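What follows is a short report on a single structure.
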Amino acid sequence: MKEVVDYLKANQDRFLEELAEFIKIPSISAHADRRKDISKAAKFTEKQLKAAGLKNVKQYPTKGNPVVYGEWMGAKGAPTILVYGHYDVQPVEPLEKWKTDPFEMTIKGGKMFGRGTSDDKGQVFIHFKVIEAYLKTVKKLPVNIKVIVEGEEEVGSTNLVDFIKKHRALLKSDTILISDTNMIGKTKPSITYGLRGLTYLEVSVKSLSGDQHSGTFGGGVANPIQVLSELLVKCKDPKTSKVKIPGFYSDVVPLSRKERNELAKIPHDDAMYAKNLGAVSTFGEKGYSTIERTGARPTFEINGIWGGHTGAGVKTVLPAEAHAKVSMRLVANQDPDKIAKAFKDYIKDITPDTVKVDVKLYDNNGYAALTPLTADGMKAASTAIKKVFKKDPFFTREGGSIPVVADFQHLLGVDAILLGFGLPDDNLHAPNEKMDISQFRNGMQTTVHFLEEYAKMKSAG
Ligand code: BES
Ligand code: MN
Ligand code: MN
């Protein structure tokens with residue numbers, strides 16, 4: 001193991017240079033005109049896996065973006081770990097809020113800035129380089145490894161489900177390792193055991209065939225922005241923040257007393273939390289703590305709303321239409337399709353007949369996922385954390401989503417160990433995304449220990 005650790009130390013600078021090349025590729029899956037960059041990022045990933053020494057490295061085309069695969073199956077009798085990550089990134093707008101070029105990785109104060117440094121290019125790099133370190137030094141890994149890196153996570157992994165269904169044998173493994181989440185803090189290491197699900201929709205309200213003069217026609221017909229606002233207000237109780245869509249909570253598995261007690265042990269200060277966000281105060285569903293509300297309870301959020309005149313100055317206009325994008329974060333056992341339908345039905349039901357309404361479902365639904373704390377691999381992960389961070393990890397539930405985790409569970413019957421090295425202030429999906437170099441380095445060390453521990457544990461029994 002010493003050679004591996006030494007190799008990781010000795011090659012730090014080169015790793016950062018290579019990561020900078022990866023960051024340079026604007027592989028934004030949400031933008032159709034970035035298909036070339038998606039191909040470039042897939043090609044780059046393929047090259048990295050080959051350079052790491054993996055075998056059978058290839059790209060699998062899908063109906064969308066390619067999945068890159070590689071494996072090393074030389075550890076006879078040892079368990080197999082499926083490593084998953086994504087090479088696609090989120091859009092970078094608003095560009096003017098970035099202090100550095102999002103696609104020129106910039107190192108400042110021990111942090112690497114750039115789109116994808118934390119989500120998820122920087123974190124998959126941890127895996128690439130740990131594998132490389134083993135295969136270049138001791139020429140073997142303690143476990144068998146299969147790696148898949150996809151290019152559609154940020155748009156809901158739409159085509160990955162088909163890929164998994166088609167390649168069950170190829171993906172057969174004992175556990176899944178994913179580094180695409182955060183820790184509570186540099187000195188507060190944690191392992192994520194829950195992810196929320198998601199459904200994403202757009203509501204459009206139309207009342208006229210075209211915009212009109214608000215003086216001539218205002219008062220004569222319904223205003224679509226007004227109506228849309230009224231519809232959205234009816235989705236959530238302003239006092240309790242309970243979602244008012246009928247059936248929304250029907251399938252939610254209630255939090256047990258025991259789990260609530262455990263979650264209450266996670267270090268958290270509401271005032272600090274609000275301050276760090278520049279928020280006036282915390283707010284959310286009555287009866288639950290902030291930790292519970294952001295990880296273990298479902299929510300309804302308006303992501304964007306537009307219509308009418310929003311440009312400079314005054315324009316007295318009666319708009320013809322109004323739109324809103326809304327999403328709901330879900331928890332076990334909510335079915336995203338069922339929730340989307342409940343929302344659609346509810347909106348249709350409460351829309352006045354003075355306007356036309358249309359509800360469109362986006363293609364990035366996903367189930368919530370929970371990894372049992374007793375899962376194989378949780379123990380190895382916590383031992384690995386303890387060795388590197390010198391502290392026992394906290395166990396947290398992440399409010400974000402990685403839709404494929406539930407698909408892995410359902411289709412392959414394997415749990416995922418969410419051993420992520422991001423930090424809450426990494427600015428994921430936002431301007432000035434960064435990853436701390438110390439987290440990158442400790443992430444590699446932790447991953448080495450995880451592989452060793454997992455191999456040891458499985459061979460011991
Ligand atoms: N890596 C994130 C998930 C995540 C978010 C982990 C926040 C830790 C903190 C992942 O790339 C992501 O952003 N998922 C999307 C999924 C969606 C687009 C289907 C999300 O949660 O919004
Ligand atoms: Mn991610
Ligand atoms: Mn993301």
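Ligands are numbered from 1 in the order shown, residues from 1 within each chain, and chains are lettered A, B, ... in the order they appear in the structure tokens.
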
Considering only C-alpha atoms and all ligand atoms, give me a table of residues in chain A that are at most 7 Å from ligand 3, with the closest atom pair and distance in Å for each, as a Markdown table.
```
| residue | atom | partner | partner_atom_place_in_ligand_line | distance |
| --- | --- | --- | --- | --- |
| A:Val89 | CA | ligand 3 | 1 (Mn) | 6.7 |
| A:Gln90 | CA | ligand 3 | 1 (Mn) | 6.4 |
| A:Asp119 | CA | ligand 3 | 1 (Mn) | 5.5 |
| A:Glu154 | CA | ligand 3 | 1 (Mn) | 5.3 |
| A:Leu428 | CA | ligand 3 | 1 (Mn) | 6.5 |
| A:His429 | CA | ligand 3 | 1 (Mn) | 6.2 |
```

Keeping only N, CA and C atoms, write those residues as a short mmCIF file (atom, residue, chain, number, x, y, z; two decimals), in the first residue's frame.
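Produced file again_14.cif, reproduced below:
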```
data_model
loop_
_atom_site.label_atom_id
_atom_site.label_comp_id
_atom_site.auth_asym_id
_atom_site.auth_seq_id
_atom_site.Cartn_x
_atom_site.Cartn_y
_atom_site.Cartn_z
N VAL A 89 -21.56 18.11 -17.01
CA VAL A 89 -21.65 19.17 -16.00
C VAL A 89 -22.89 20.03 -16.24
N GLN A 90 -23.16 20.88 -15.28
CA GLN A 90 -24.29 21.81 -15.35
C GLN A 90 -23.90 23.05 -16.17
N ASP A 119 -18.36 18.57 -8.94
CA ASP A 119 -19.53 17.83 -9.45
C ASP A 119 -19.40 17.62 -10.95
N GLU A 154 -26.69 14.96 -15.10
CA GLU A 154 -27.26 16.28 -14.81
C GLU A 154 -28.58 16.53 -15.54
N LEU A 428 -21.96 23.97 -6.02
CA LEU A 428 -22.44 23.07 -7.07
C LEU A 428 -23.53 23.74 -7.88
N HIS A 429 -23.49 23.60 -9.17
CA HIS A 429 -24.51 24.13 -10.10
C HIS A 429 -24.54 25.65 -10.12
#
```

Which of segment 144-372 of chain A counts as strand (DSSP E) under DSSP, as a PyMOL selection string please?
-> chain A and resi 144-150+175-178+190-195+197-206+212-213+299-307+317-318+321-330+356-361+369-370

Show me which residues sit within 8 Å of ligand 2 when counting only C-alpha atoms and all ligand atoms, and put them as a list in words.
-> Gly85, His86, Val89, Ser118, Asp119, Asp120, Glu153, Glu154, Asp180, Thr181 and Ile402 of chain A

For those residues, write C-alpha atoms to a file as a PDB file, in the first residue's frame.
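After the write, selection_29.pdb holds the following:
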```
ATOM      1  CA  GLY A  85     -19.553   8.812 -11.788  1.00  0.00           C
ATOM      2  CA  HIS A  86     -20.500  11.374 -14.438  1.00  0.00           C
ATOM      3  CA  VAL A  89     -21.650  19.175 -16.003  1.00  0.00           C
ATOM      4  CA  SER A 118     -16.545  19.055  -7.408  1.00  0.00           C
ATOM      5  CA  ASP A 119     -19.532  17.827  -9.454  1.00  0.00           C
ATOM      6  CA  ASP A 120     -18.291  15.441 -10.654  1.00  0.00           C
ATOM      7  CA  GLU A 153     -26.532  12.566 -14.828  1.00  0.00           C
ATOM      8  CA  GLU A 154     -27.256  16.284 -14.806  1.00  0.00           C
ATOM      9  CA  ASP A 180     -20.595  12.571  -6.063  1.00  0.00           C
ATOM     10  CA  THR A 181     -21.784  13.952  -2.726  1.00  0.00           C
ATOM     11  CA  ILE A 402     -28.534  10.850  -8.112  1.00  0.00           C
TER      12      ILE A 402
END
```

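The space between atom CA of Lys9 of chain A and atom CA of Met73 of chain A spans 25.8 Å.
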
Residues near segment 441-446 of chain A, cut-off 10 Å, only C-alpha atoms, skip fewer than 6 positions along chain, as a PyMOL selection string = chain A and resi 4-5+8-9+12+123+125-131+133+179+186+381-389+419-422+452

Residues of the last selection are to be written out with N, CA, C and O atoms, as a CSV table (one decimal), in the first residue's frame.
```csv
chain,number,residue,atom,x,y,z
A,4,VAL,N,1.6,2.7,-3.3
A,4,VAL,CA,0.4,3.4,-3.9
A,4,VAL,C,0.3,4.8,-3.4
A,4,VAL,O,0.1,5.7,-4.1
A,5,VAL,N,0.4,4.9,-2.0
A,5,VAL,CA,0.3,6.2,-1.4
A,5,VAL,C,1.4,7.1,-1.9
A,5,VAL,O,1.1,8.3,-2.2
A,8,LEU,N,0.7,8.4,-5.3
A,8,LEU,CA,-0.4,9.5,-5.3
A,8,LEU,C,0.2,10.8,-4.9
A,8,LEU,O,-0.1,11.8,-5.5
A,9,LYS,N,1.1,10.8,-4.0
A,9,LYS,CA,1.8,12.0,-3.5
A,9,LYS,C,2.7,12.6,-4.6
A,9,LYS,O,2.7,13.7,-4.9
A,12,GLN,N,0.8,14.3,-7.7
A,12,GLN,CA,-0.1,15.3,-7.5
A,12,GLN,C,-0.2,16.4,-8.6
A,12,GLN,O,-1.3,16.6,-9.1
A,123,GLN,N,-14.2,14.6,-8.6
A,123,GLN,CA,-14.4,13.4,-7.8
A,123,GLN,C,-14.2,12.1,-8.6
A,123,GLN,O,-13.7,11.1,-8.0
A,125,PHE,N,-12.1,11.8,-10.8
A,125,PHE,CA,-10.6,11.8,-11.0
A,125,PHE,C,-10.0,11.1,-9.8
A,125,PHE,O,-8.9,10.5,-10.0
A,126,ILE,N,-10.6,11.2,-8.6
A,126,ILE,CA,-10.1,10.5,-7.4
A,126,ILE,C,-10.0,9.0,-7.8
A,126,ILE,O,-9.0,8.4,-7.5
A,127,HIS,N,-11.1,8.5,-8.4
A,127,HIS,CA,-11.1,7.1,-8.7
A,127,HIS,C,-10.1,6.7,-9.8
A,127,HIS,O,-9.4,5.8,-9.7
A,128,PHE,N,-10.1,7.6,-10.8
A,128,PHE,CA,-9.2,7.3,-11.9
A,128,PHE,C,-7.7,7.1,-11.4
A,128,PHE,O,-7.0,6.2,-11.7
A,129,LYS,N,-7.4,8.1,-10.5
A,129,LYS,CA,-6.0,8.1,-10.1
A,129,LYS,C,-5.6,7.1,-9.0
A,129,LYS,O,-4.5,6.6,-9.0
A,130,VAL,N,-6.6,6.7,-8.2
A,130,VAL,CA,-6.3,5.6,-7.3
A,130,VAL,C,-6.1,4.3,-8.0
A,130,VAL,O,-5.2,3.6,-7.8
A,131,ILE,N,-6.9,4.1,-9.0
A,131,ILE,CA,-6.8,2.9,-9.9
A,131,ILE,C,-5.4,2.9,-10.6
A,131,ILE,O,-4.7,1.9,-10.5
A,133,ALA,N,-2.8,4.5,-9.6
A,133,ALA,CA,-1.7,4.3,-8.7
A,133,ALA,C,-1.4,2.8,-8.4
A,133,ALA,O,-0.3,2.4,-8.3
A,179,SER,N,-18.5,8.7,-5.7
A,179,SER,CA,-18.1,9.9,-5.1
A,179,SER,C,-18.7,11.1,-5.8
A,179,SER,O,-18.1,11.6,-6.8
A,186,LYS,N,-14.6,19.8,6.4
A,186,LYS,CA,-13.3,19.2,6.3
A,186,LYS,C,-12.9,18.4,7.5
A,186,LYS,O,-12.2,17.4,7.5
A,381,ALA,N,-16.2,1.8,4.5
A,381,ALA,CA,-16.2,3.2,4.3
A,381,ALA,C,-15.9,4.0,5.5
A,381,ALA,O,-15.1,4.9,5.6
A,382,SER,N,-16.5,3.6,6.6
A,382,SER,CA,-16.3,4.4,7.9
A,382,SER,C,-14.9,4.1,8.4
A,382,SER,O,-14.3,5.0,9.0
A,383,THR,N,-14.4,2.9,8.3
A,383,THR,CA,-13.0,2.6,8.7
A,383,THR,C,-12.1,3.5,7.9
A,383,THR,O,-11.1,4.1,8.5
A,384,ALA,N,-12.3,3.5,6.6
A,384,ALA,CA,-11.4,4.3,5.7
A,384,ALA,C,-11.4,5.8,6.1
A,384,ALA,O,-10.4,6.4,6.2
A,385,ILE,N,-12.6,6.3,6.4
A,385,ILE,CA,-12.7,7.7,6.8
A,385,ILE,C,-11.9,8.0,8.0
A,385,ILE,O,-11.2,8.9,8.2
A,386,LYS,N,-12.1,7.1,9.0
A,386,LYS,CA,-11.5,7.2,10.3
A,386,LYS,C,-10.0,7.3,10.1
A,386,LYS,O,-9.3,8.0,10.8
A,387,LYS,N,-9.5,6.4,9.3
A,387,LYS,CA,-8.0,6.3,9.1
A,387,LYS,C,-7.4,7.6,8.5
A,387,LYS,O,-6.4,8.1,8.9
A,388,VAL,N,-8.2,8.3,7.6
A,388,VAL,CA,-7.7,9.5,7.0
A,388,VAL,C,-8.1,10.7,7.7
A,388,VAL,O,-7.2,11.6,7.9
A,389,PHE,N,-9.3,10.8,8.1
A,389,PHE,CA,-9.8,12.1,8.8
A,389,PHE,C,-9.7,12.1,10.3
A,389,PHE,O,-10.0,13.0,10.9
A,419,LEU,N,-19.6,7.8,-1.0
A,419,LEU,CA,-18.4,8.3,-0.3
A,419,LEU,C,-17.9,9.5,-1.0
A,419,LEU,O,-17.0,9.4,-1.9
A,420,GLY,N,-18.6,10.6,-0.8
A,420,GLY,CA,-18.3,11.9,-1.5
A,420,GLY,C,-17.3,12.8,-0.7
A,420,GLY,O,-17.3,12.8,0.5
A,421,PHE,N,-16.6,13.6,-1.5
A,421,PHE,CA,-15.6,14.4,-0.8
A,421,PHE,C,-15.8,15.9,-1.1
A,421,PHE,O,-14.9,16.7,-0.8
A,422,GLY,N,-16.9,16.3,-1.6
A,422,GLY,CA,-17.3,17.7,-1.8
A,422,GLY,C,-17.6,18.3,-0.4
A,422,GLY,O,-17.6,17.6,0.6
A,452,GLU,N,-9.0,-1.4,0.3
A,452,GLU,CA,-8.3,-2.4,1.2
A,452,GLU,C,-9.2,-3.0,2.2
A,452,GLU,O,-9.2,-4.2,2.4
```

Distance query Lys206 of chain A at most 9 Å, only C-alpha atoms, self and fewer than 2 positions along chain excluded, as a PyMOL selection string = chain A and resi 204+208-209+223-225+319-323+355-358

Within segment 126-303 of chain A, find each residue whose DSSP state, derived from the backbone, is helix (DSSP H, G or I), and express the selection as a PyMOL selection string.
-> chain A and resi 126-137+153-155+160-166+224-233+257-264+270-277+290-295

Please, which residues in segment 128-231 of chain A fall within 12 Å of segment 267-280 of chain A when counting only C-alpha atoms, and what is the closest atom pair and distance in Å to one decimal for each, ordered by chain then residue number, as JSON lines?
```
{"residue": "A:Met183", "atom": "CA", "partner": "A:Pro267", "partner_atom": "CA", "distance": 11.9}
{"residue": "A:Ile184", "atom": "CA", "partner": "A:Pro267", "partner_atom": "CA", "distance": 8.4}
{"residue": "A:Gly185", "atom": "CA", "partner": "A:Pro267", "partner_atom": "CA", "distance": 10.0}
{"residue": "A:Thr187", "atom": "CA", "partner": "A:Pro267", "partner_atom": "CA", "distance": 11.4}
{"residue": "A:Lys188", "atom": "CA", "partner": "A:Pro267", "partner_atom": "CA", "distance": 8.5}
{"residue": "A:Pro189", "atom": "CA", "partner": "A:Pro267", "partner_atom": "CA", "distance": 11.1}
{"residue": "A:Ser190", "atom": "CA", "partner": "A:Pro267", "partner_atom": "CA", "distance": 11.0}
```

Long-range neighbours of Ser229 of chain A as a PyMOL selection string, 12 Å cut-off, only C-alpha atoms, 2 positions minimum in chain | chain A and resi 203-205+223-227+231-236+302+304-307+322-324+347+351

Please produce a file of those selected residues containing N, CA and C atoms, as an mmCIF file, in the first residue's frame.
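Dumped everything to out_36.cif:
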```
data_model
loop_
_atom_site.group_PDB
_atom_site.id
_atom_site.type_symbol
_atom_site.label_atom_id
_atom_site.label_comp_id
_atom_site.auth_asym_id
_atom_site.auth_seq_id
_atom_site.Cartn_x
_atom_site.Cartn_y
_atom_site.Cartn_z
ATOM 1 N N VAL A 203 -45.436 24.396 -15.920
ATOM 2 C CA VAL A 203 -46.848 24.778 -16.025
ATOM 3 C C VAL A 203 -46.948 26.004 -16.907
ATOM 4 N N SER A 204 -47.843 25.960 -17.900
ATOM 5 C CA SER A 204 -48.068 27.115 -18.769
ATOM 6 C C SER A 204 -49.528 27.511 -18.722
ATOM 7 N N VAL A 205 -49.749 28.792 -18.503
ATOM 8 C CA VAL A 205 -51.117 29.314 -18.474
ATOM 9 C C VAL A 205 -51.265 30.294 -19.630
ATOM 10 N N ASN A 223 -55.716 37.612 -16.303
ATOM 11 C CA ASN A 223 -54.280 37.814 -16.490
ATOM 12 C C ASN A 223 -53.566 36.491 -16.182
ATOM 13 N N PRO A 224 -52.858 35.922 -17.150
ATOM 14 C CA PRO A 224 -52.279 34.577 -16.946
ATOM 15 C C PRO A 224 -51.220 34.514 -15.849
ATOM 16 N N ILE A 225 -50.483 35.621 -15.631
ATOM 17 C CA ILE A 225 -49.470 35.590 -14.562
ATOM 18 C C ILE A 225 -50.164 35.560 -13.201
ATOM 19 N N GLN A 226 -51.228 36.326 -13.114
ATOM 20 C CA GLN A 226 -52.025 36.317 -11.880
ATOM 21 C C GLN A 226 -52.552 34.905 -11.610
ATOM 22 N N VAL A 227 -53.130 34.290 -12.643
ATOM 23 C CA VAL A 227 -53.718 32.957 -12.470
ATOM 24 C C VAL A 227 -52.631 31.941 -12.102
ATOM 25 N N LEU A 231 -52.337 29.582 -8.774
ATOM 26 C CA LEU A 231 -52.225 28.115 -8.812
ATOM 27 C C LEU A 231 -51.055 27.658 -7.941
ATOM 28 N N LEU A 232 -49.918 28.349 -8.093
ATOM 29 C CA LEU A 232 -48.713 27.938 -7.357
ATOM 30 C C LEU A 232 -48.892 28.127 -5.851
ATOM 31 N N VAL A 233 -49.571 29.223 -5.491
ATOM 32 C CA VAL A 233 -49.815 29.475 -4.070
ATOM 33 C C VAL A 233 -50.611 28.318 -3.455
ATOM 34 N N LYS A 234 -51.495 27.755 -4.270
ATOM 35 C CA LYS A 234 -52.330 26.664 -3.744
ATOM 36 C C LYS A 234 -51.574 25.335 -3.625
ATOM 37 N N CYS A 235 -50.316 25.307 -4.015
ATOM 38 C CA CYS A 235 -49.550 24.050 -3.929
ATOM 39 C C CYS A 235 -48.897 23.856 -2.573
ATOM 40 N N LYS A 236 -48.750 24.932 -1.816
ATOM 41 C CA LYS A 236 -48.044 24.791 -0.530
ATOM 42 C C LYS A 236 -48.677 25.712 0.492
ATOM 43 N N ILE A 302 -40.525 26.075 -6.593
ATOM 44 C CA ILE A 302 -40.669 26.760 -7.881
ATOM 45 C C ILE A 302 -39.252 27.108 -8.320
ATOM 46 N N GLY A 304 -38.408 28.479 -11.423
ATOM 47 C CA GLY A 304 -38.350 29.674 -12.259
ATOM 48 C C GLY A 304 -39.748 30.042 -12.695
ATOM 49 N N ILE A 305 -39.934 31.337 -12.947
ATOM 50 C CA ILE A 305 -41.262 31.791 -13.362
ATOM 51 C C ILE A 305 -41.071 32.969 -14.312
ATOM 52 N N TRP A 306 -41.798 32.961 -15.403
ATOM 53 C CA TRP A 306 -41.618 34.055 -16.354
ATOM 54 C C TRP A 306 -42.890 34.334 -17.153
ATOM 55 N N GLY A 307 -42.883 35.509 -17.784
ATOM 56 C CA GLY A 307 -44.027 35.939 -18.573
ATOM 57 C C GLY A 307 -44.091 37.450 -18.561
ATOM 58 N N ALA A 322 -48.057 32.771 -19.280
ATOM 59 C CA ALA A 322 -47.123 32.756 -18.146
ATOM 60 C C ALA A 322 -46.681 31.320 -17.924
ATOM 61 N N HIS A 323 -45.439 31.171 -17.469
ATOM 62 C CA HIS A 323 -44.870 29.820 -17.300
ATOM 63 C C HIS A 323 -44.119 29.713 -15.983
ATOM 64 N N ALA A 324 -44.080 28.497 -15.462
ATOM 65 C CA ALA A 324 -43.259 28.233 -14.278
ATOM 66 C C ALA A 324 -42.689 26.834 -14.366
ATOM 67 N N ILE A 347 -53.490 20.601 -10.615
ATOM 68 C CA ILE A 347 -53.436 21.875 -11.348
ATOM 69 C C ILE A 347 -54.646 21.997 -12.285
ATOM 70 N N THR A 351 -57.520 24.987 -11.858
ATOM 71 C CA THR A 351 -57.410 26.079 -12.831
ATOM 72 C C THR A 351 -58.803 26.616 -13.193
#
```

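Shortest atom-to-atom contact with ligand 1 among A:Gly311, A:Gly220, A:Pro91, A:Gly114: A:Pro91, counting only C-alpha atoms and all ligand atoms.
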
Could you name the residues that touch Phe343 of chain A at 10 Å or less, counting only C-alpha atoms, but leaving out those on the same chain fewer than 5 positions away, as an MDAnalysis selection string?
-> chainID A and resid 201 235 244:248 328 337:338 348:349 359

Find the residue from A:Tyr288, A:Thr45, A:Lys166, A:Leu195 that sits nearest to Val124 of chain A; use only C-alpha atoms when measuring.
-> A:Thr45

All residues 6 Å or closer to Met112 of chain A, only C-alpha atoms, same chain fewer than 6 positions away omitted, as a ChimeraX atom specification | /A:106,434-435

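Coordinates place atom 4 (C, counted along the ligand's line) of ligand 1 at a distance of 25.5 Å from atom CA of Glu71 of chain A.
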
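Distances to ligand 1 were evaluated for A:Ala368, A:Val57, A:Ala75, A:Leu171 using only C-alpha atoms and all ligand atoms, and the minimum falls at A:Ala368.
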
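Residue nearest Pro254 of chain A within the list A:Thr354, A:Asn333, A:Ser27, A:Thr80: A:Asn333 [criterion: smallest interatomic distance, only C-alpha atoms].
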
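For the pair atom CA of Leu373 of chain A and atom 4 (C, counted along the ligand's line) of ligand 1, the separation is 19.3 Å.
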